[in-house]
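Worksheet: one structure, shown below.
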Amino acid sequence: YIYYARPEGEDTRPESNKIYTEFALNVYLSSSRQHPIPINTYEELMNMYPNSYYILMNDLVLDNETFQPINVSFASFDGNGHTIRFVGDYDFGSSSQIGLFASIPDGAIVKNLTVTISGGTVDQSLGRATVTFRTTSSSFNIGLIAGENLGAISNCYVYSEAVTNSPYTNFLTVSTSSLEDIGYVAGIAGTNTGSITNSRSALYAISSYNLAGVVGTNSGIIASTYFKNGVLIGNSRTQNLAGFAIENTSDAQILTSYVSGTNNSTMVYSDDT
């Protein structure tokens, strides 16, 4: 900004009378449960503040060139009925907690949100499209909502989108540096120590690692949640395969929840509606 020191009665602005000043303006957004911060763009999604409340205002696509799992200690994320899409292949480097959120903090909630996978590479010989998540971590948790849930997930839906104008559906696959790695791949969360309620999964996935429809490991509470209309395919190296959860600890609870469909030695799937 430029200010002029002008003697009274003069209209000219001589160079010698210029006064220069600089200042910085920092804007910090405040939020509450009643007044969440709106998220309209991918850039706003990737710049969430700690301890804040958010509401999604548009469907968004996660940029497969720049996206890394969101890792901020937020208070609440309301999807507001909107959808966030993984489109194509993603390289997560050495990340071990992989999903839209790396970890949902204790006391935080994610609600009213749909997360999908789409835009995979079509392989006509296999009869499917694949969306690949890559990591170099030797142990990992993968879920479309969160790699790790310490808080609450409520009224959320994850599924694999069909390929447009094609009979194929997008399958999630995982690529790592070694088949000796230990990993959990699941529809909603890789591991859950919090709560998951009133949610559903229709994930299509094929994996050499622990693979489940809803969660990889559960030591929290899951209620009114189900896996239906998805397909889970293991192979000869698959560690474990389950429709709902690979592990459910002795003090964990799974209530009023179910898996629907049929299975064989390498596949768990649902073909009903």
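Naming scheme: A, B, ... for chains in displayed order of the structure tokens; residues 1 onward per chain; ligands 1 onward as shown.
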Query raised in the report: Any idea what's packed within 6 Å of Ser73 of chain A, counting only C-alpha atoms, ignoring anything in its chain fewer than 5 positions away? Could you give it as a VMD selection string?
Result: chain A and resid 50 to 51 105
Query raised in the report: Given the choices A:Val110, A:Thr191, A:Gln68, A:Gln34, which gets closest to Leu56 of chain A if the distance is worked out from only C-alpha atoms?
Result: A:Val110
Query raised in the report: For Arg128 of chain A, which residue among A:Leu60, A:Ala162, A:Ala245, A:Ile39 is the nearest when counting only C-alpha atoms?
Result: A:Ala162
Report task. State, in Å with one decimal place, the distance from atom CA of Leu113 of chain A to atom CA of Asn71 of chain A. Result -> 17.6 Å
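Shortest atom-to-atom contact with Tyr159 of chain A among A:Phe140, A:Phe101, A:Phe227, A:Tyr258: A:Phe227, counting only C-alpha atoms.
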Report task. Using only C-alpha atoms, pick whichever of A:Glu180, A:Glu148, A:Glu44, A:Asp91 has the shortest atom-to-atom distance to Thr66 of chain A. Result -> A:Asp91
Report summary line: If you count only C-alpha atoms, the residue of A:Gly93, A:Gly107, A:Gly243, A:Gly99 closest to Ser138 of chain A turns out to be A:Gly93
Query raised in the report: Which residue gives the smallest distance to Ile182 of chain A among A:Ile142, A:Ala252, A:Leu203, A:Val163, with only C-alpha atoms counted?
Result: A:Ile142
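The residue set within 10 Å of Ser31 of chain A, counting only C-alpha atoms and dropping same-chain residues fewer than 6 places from it, reads A:Ile37, A:Pro38, A:Asn51, A:Ser52, A:Tyr53, A:Tyr54, A:Ala75.
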Would you write out those residues with C-alpha atoms, as a short mmCIF file (atom, residue, chain, number, x, y, z; two decimals), in the first residue's frame?
data_model
loop_
_atom_site.label_atom_id
_atom_site.label_comp_id
_atom_site.auth_asym_id
_atom_site.auth_seq_id
_atom_site.Cartn_x
_atom_site.Cartn_y
_atom_site.Cartn_z
CA ILE A 37 -16.39 -24.61 8.16
CA PRO A 38 -17.63 -25.34 4.60
CA ASN A 51 -9.65 -29.16 16.34
CA SER A 52 -12.09 -27.77 13.76
CA TYR A 53 -15.53 -28.77 12.52
CA TYR A 54 -16.17 -29.18 8.80
CA ALA A 75 -13.11 -32.50 15.55
#
Report task. Could you give me, as a ChimeraX atom specification, each residue of segment 18-232 of chain A that DSSP assigns to helix (DSSP H, G or I) when run on this structure's backbone? Result -> /A:42-45
Writing out the chosen residues with N, CA, C and O atoms as a PDB file, in the first residue's frame:
ATOM      1  N   TYR A  42     -11.101 -29.251  -3.443  1.00  0.00           N
ATOM      2  CA  TYR A  42     -10.051 -30.184  -3.034  1.00  0.00           C
ATOM      3  C   TYR A  42      -8.981 -29.477  -2.213  1.00  0.00           C
ATOM      4  O   TYR A  42      -8.488 -30.015  -1.212  1.00  0.00           O
ATOM      5  N   GLU A  43      -8.620 -28.267  -2.596  1.00  0.00           N
ATOM      6  CA  GLU A  43      -7.601 -27.511  -1.884  1.00  0.00           C
ATOM      7  C   GLU A  43      -8.031 -27.231  -0.442  1.00  0.00           C
ATOM      8  O   GLU A  43      -7.221 -27.317   0.490  1.00  0.00           O
ATOM      9  N   GLU A  44      -9.296 -26.902  -0.256  1.00  0.00           N
ATOM     10  CA  GLU A  44      -9.791 -26.660   1.102  1.00  0.00           C
ATOM     11  C   GLU A  44      -9.795 -27.955   1.914  1.00  0.00           C
ATOM     12  O   GLU A  44      -9.495 -27.945   3.118  1.00  0.00           O
ATOM     13  N   LEU A  45     -10.129 -29.065   1.267  1.00  0.00           N
ATOM     14  CA  LEU A  45     -10.102 -30.359   1.946  1.00  0.00           C
ATOM     15  C   LEU A  45      -8.710 -30.679   2.473  1.00  0.00           C
ATOM     16  O   LEU A  45      -8.549 -31.196   3.582  1.00  0.00           O
TER      17      LEU A  45
END
Write out as a PDB file with all heavy atoms, in the first residue's frame the residues lying within 7 Å of Ala129 of chain A, counting only C-alpha atoms and excluding same-chain residues fewer than 3 positions away.
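The file below, result30.pdb, is the result:
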ATOM      1  N   GLY A 120     -10.307 -46.929 -12.833  1.00  0.00           N
ATOM      2  CA  GLY A 120      -9.254 -47.929 -12.882  1.00  0.00           C
ATOM      3  C   GLY A 120      -8.871 -48.330 -14.296  1.00  0.00           C
ATOM      4  O   GLY A 120      -9.543 -48.010 -15.276  1.00  0.00           O
ATOM      5  N   THR A 121      -7.765 -49.066 -14.384  1.00  0.00           N
ATOM      6  CA  THR A 121      -7.292 -49.582 -15.663  1.00  0.00           C
ATOM      7  C   THR A 121      -8.041 -50.857 -16.004  1.00  0.00           C
ATOM      8  O   THR A 121      -8.058 -51.819 -15.226  1.00  0.00           O
ATOM      9  CB  THR A 121      -5.780 -49.888 -15.599  1.00  0.00           C
ATOM     10  OG1 THR A 121      -5.088 -48.685 -15.240  1.00  0.00           O
ATOM     11  CG2 THR A 121      -5.280 -50.398 -16.940  1.00  0.00           C
ATOM     12  N   VAL A 122      -8.678 -50.892 -17.170  1.00  0.00           N
ATOM     13  CA  VAL A 122      -9.499 -52.047 -17.568  1.00  0.00           C
ATOM     14  C   VAL A 122      -8.619 -53.144 -18.143  1.00  0.00           C
ATOM     15  O   VAL A 122      -7.765 -52.905 -18.994  1.00  0.00           O
ATOM     16  CB  VAL A 122     -10.565 -51.631 -18.605  1.00  0.00           C
ATOM     17  CG1 VAL A 122     -11.308 -52.855 -19.144  1.00  0.00           C
ATOM     18  CG2 VAL A 122     -11.547 -50.639 -17.980  1.00  0.00           C
ATOM     19  N   ASP A 123      -8.820 -54.358 -17.640  1.00  0.00           N
ATOM     20  CA  ASP A 123      -8.168 -55.555 -18.175  1.00  0.00           C
ATOM     21  C   ASP A 123      -9.268 -56.490 -18.644  1.00  0.00           C
ATOM     22  O   ASP A 123      -9.914 -57.166 -17.843  1.00  0.00           O
ATOM     23  CB  ASP A 123      -7.303 -56.224 -17.103  1.00  0.00           C
ATOM     24  CG  ASP A 123      -6.455 -57.360 -17.671  1.00  0.00           C
ATOM     25  OD1 ASP A 123      -6.920 -58.031 -18.613  1.00  0.00           O
ATOM     26  OD2 ASP A 123      -5.345 -57.579 -17.152  1.00  0.00           O
ATOM     27  N   TYR A 168     -17.688 -53.845 -16.608  1.00  0.00           N
ATOM     28  CA  TYR A 168     -16.696 -54.050 -15.560  1.00  0.00           C
ATOM     29  C   TYR A 168     -16.912 -53.120 -14.364  1.00  0.00           C
ATOM     30  O   TYR A 168     -17.502 -52.050 -14.477  1.00  0.00           O
ATOM     31  CB  TYR A 168     -15.287 -53.843 -16.116  1.00  0.00           C
ATOM     32  CG  TYR A 168     -15.004 -54.658 -17.350  1.00  0.00           C
ATOM     33  CD1 TYR A 168     -14.544 -54.048 -18.515  1.00  0.00           C
ATOM     34  CD2 TYR A 168     -15.217 -56.033 -17.362  1.00  0.00           C
ATOM     35  CE1 TYR A 168     -14.292 -54.786 -19.664  1.00  0.00           C
ATOM     36  CE2 TYR A 168     -14.968 -56.786 -18.504  1.00  0.00           C
ATOM     37  CZ  TYR A 168     -14.508 -56.160 -19.648  1.00  0.00           C
ATOM     38  OH  TYR A 168     -14.270 -56.895 -20.781  1.00  0.00           O
ATOM     39  N   THR A 169     -16.372 -53.559 -13.226  1.00  0.00           N
ATOM     40  CA  THR A 169     -16.398 -52.770 -11.995  1.00  0.00           C
ATOM     41  C   THR A 169     -14.966 -52.546 -11.528  1.00  0.00           C
ATOM     42  O   THR A 169     -14.085 -53.363 -11.788  1.00  0.00           O
ATOM     43  CB  THR A 169     -17.206 -53.502 -10.911  1.00  0.00           C
ATOM     44  OG1 THR A 169     -18.547 -53.683 -11.365  1.00  0.00           O
ATOM     45  CG2 THR A 169     -17.247 -52.705  -9.610  1.00  0.00           C
ATOM     46  N   ASN A 170     -14.737 -51.433 -10.851  1.00  0.00           N
ATOM     47  CA  ASN A 170     -13.404 -51.104 -10.356  1.00  0.00           C
ATOM     48  C   ASN A 170     -13.067 -51.916  -9.102  1.00  0.00           C
ATOM     49  O   ASN A 170     -13.792 -51.867  -8.100  1.00  0.00           O
ATOM     50  CB  ASN A 170     -13.321 -49.620 -10.030  1.00  0.00           C
ATOM     51  CG  ASN A 170     -13.294 -48.761 -11.271  1.00  0.00           C
ATOM     52  OD1 ASN A 170     -12.248 -48.577 -11.885  1.00  0.00           O
ATOM     53  ND2 ASN A 170     -14.456 -48.231 -11.662  1.00  0.00           N
ATOM     54  N   PHE A 171     -11.958 -52.650  -9.160  1.00  0.00           N
ATOM     55  CA  PHE A 171     -11.447 -53.408  -8.021  1.00  0.00           C
ATOM     56  C   PHE A 171     -10.281 -52.657  -7.392  1.00  0.00           C
ATOM     57  O   PHE A 171      -9.393 -52.178  -8.100  1.00  0.00           O
ATOM     58  CB  PHE A 171     -10.939 -54.785  -8.461  1.00  0.00           C
ATOM     59  CG  PHE A 171     -11.995 -55.844  -8.583  1.00  0.00           C
ATOM     60  CD1 PHE A 171     -12.882 -55.841  -9.651  1.00  0.00           C
ATOM     61  CD2 PHE A 171     -12.100 -56.849  -7.630  1.00  0.00           C
ATOM     62  CE1 PHE A 171     -13.852 -56.823  -9.773  1.00  0.00           C
ATOM     63  CE2 PHE A 171     -13.062 -57.838  -7.743  1.00  0.00           C
ATOM     64  CZ  PHE A 171     -13.943 -57.831  -8.814  1.00  0.00           C
TER      65      PHE A 171
END
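When atom CA of Leu150 of chain A is paired with atom CA of Asp78 of chain A, their separation reads 16.7 Å.
Take atom CA of Tyr204 of chain A and atom CA of Ser175 of chain A: the distance between them is 15.8 Å.
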Report task. Find the residues around Ile222 of chain A up to 8 Å (only C-alpha atoms counted), leave out those fewer than 3 positions away in its own chain, and share them as a ChimeraX atom specification. Result -> /A:195-197,225,253-255,257
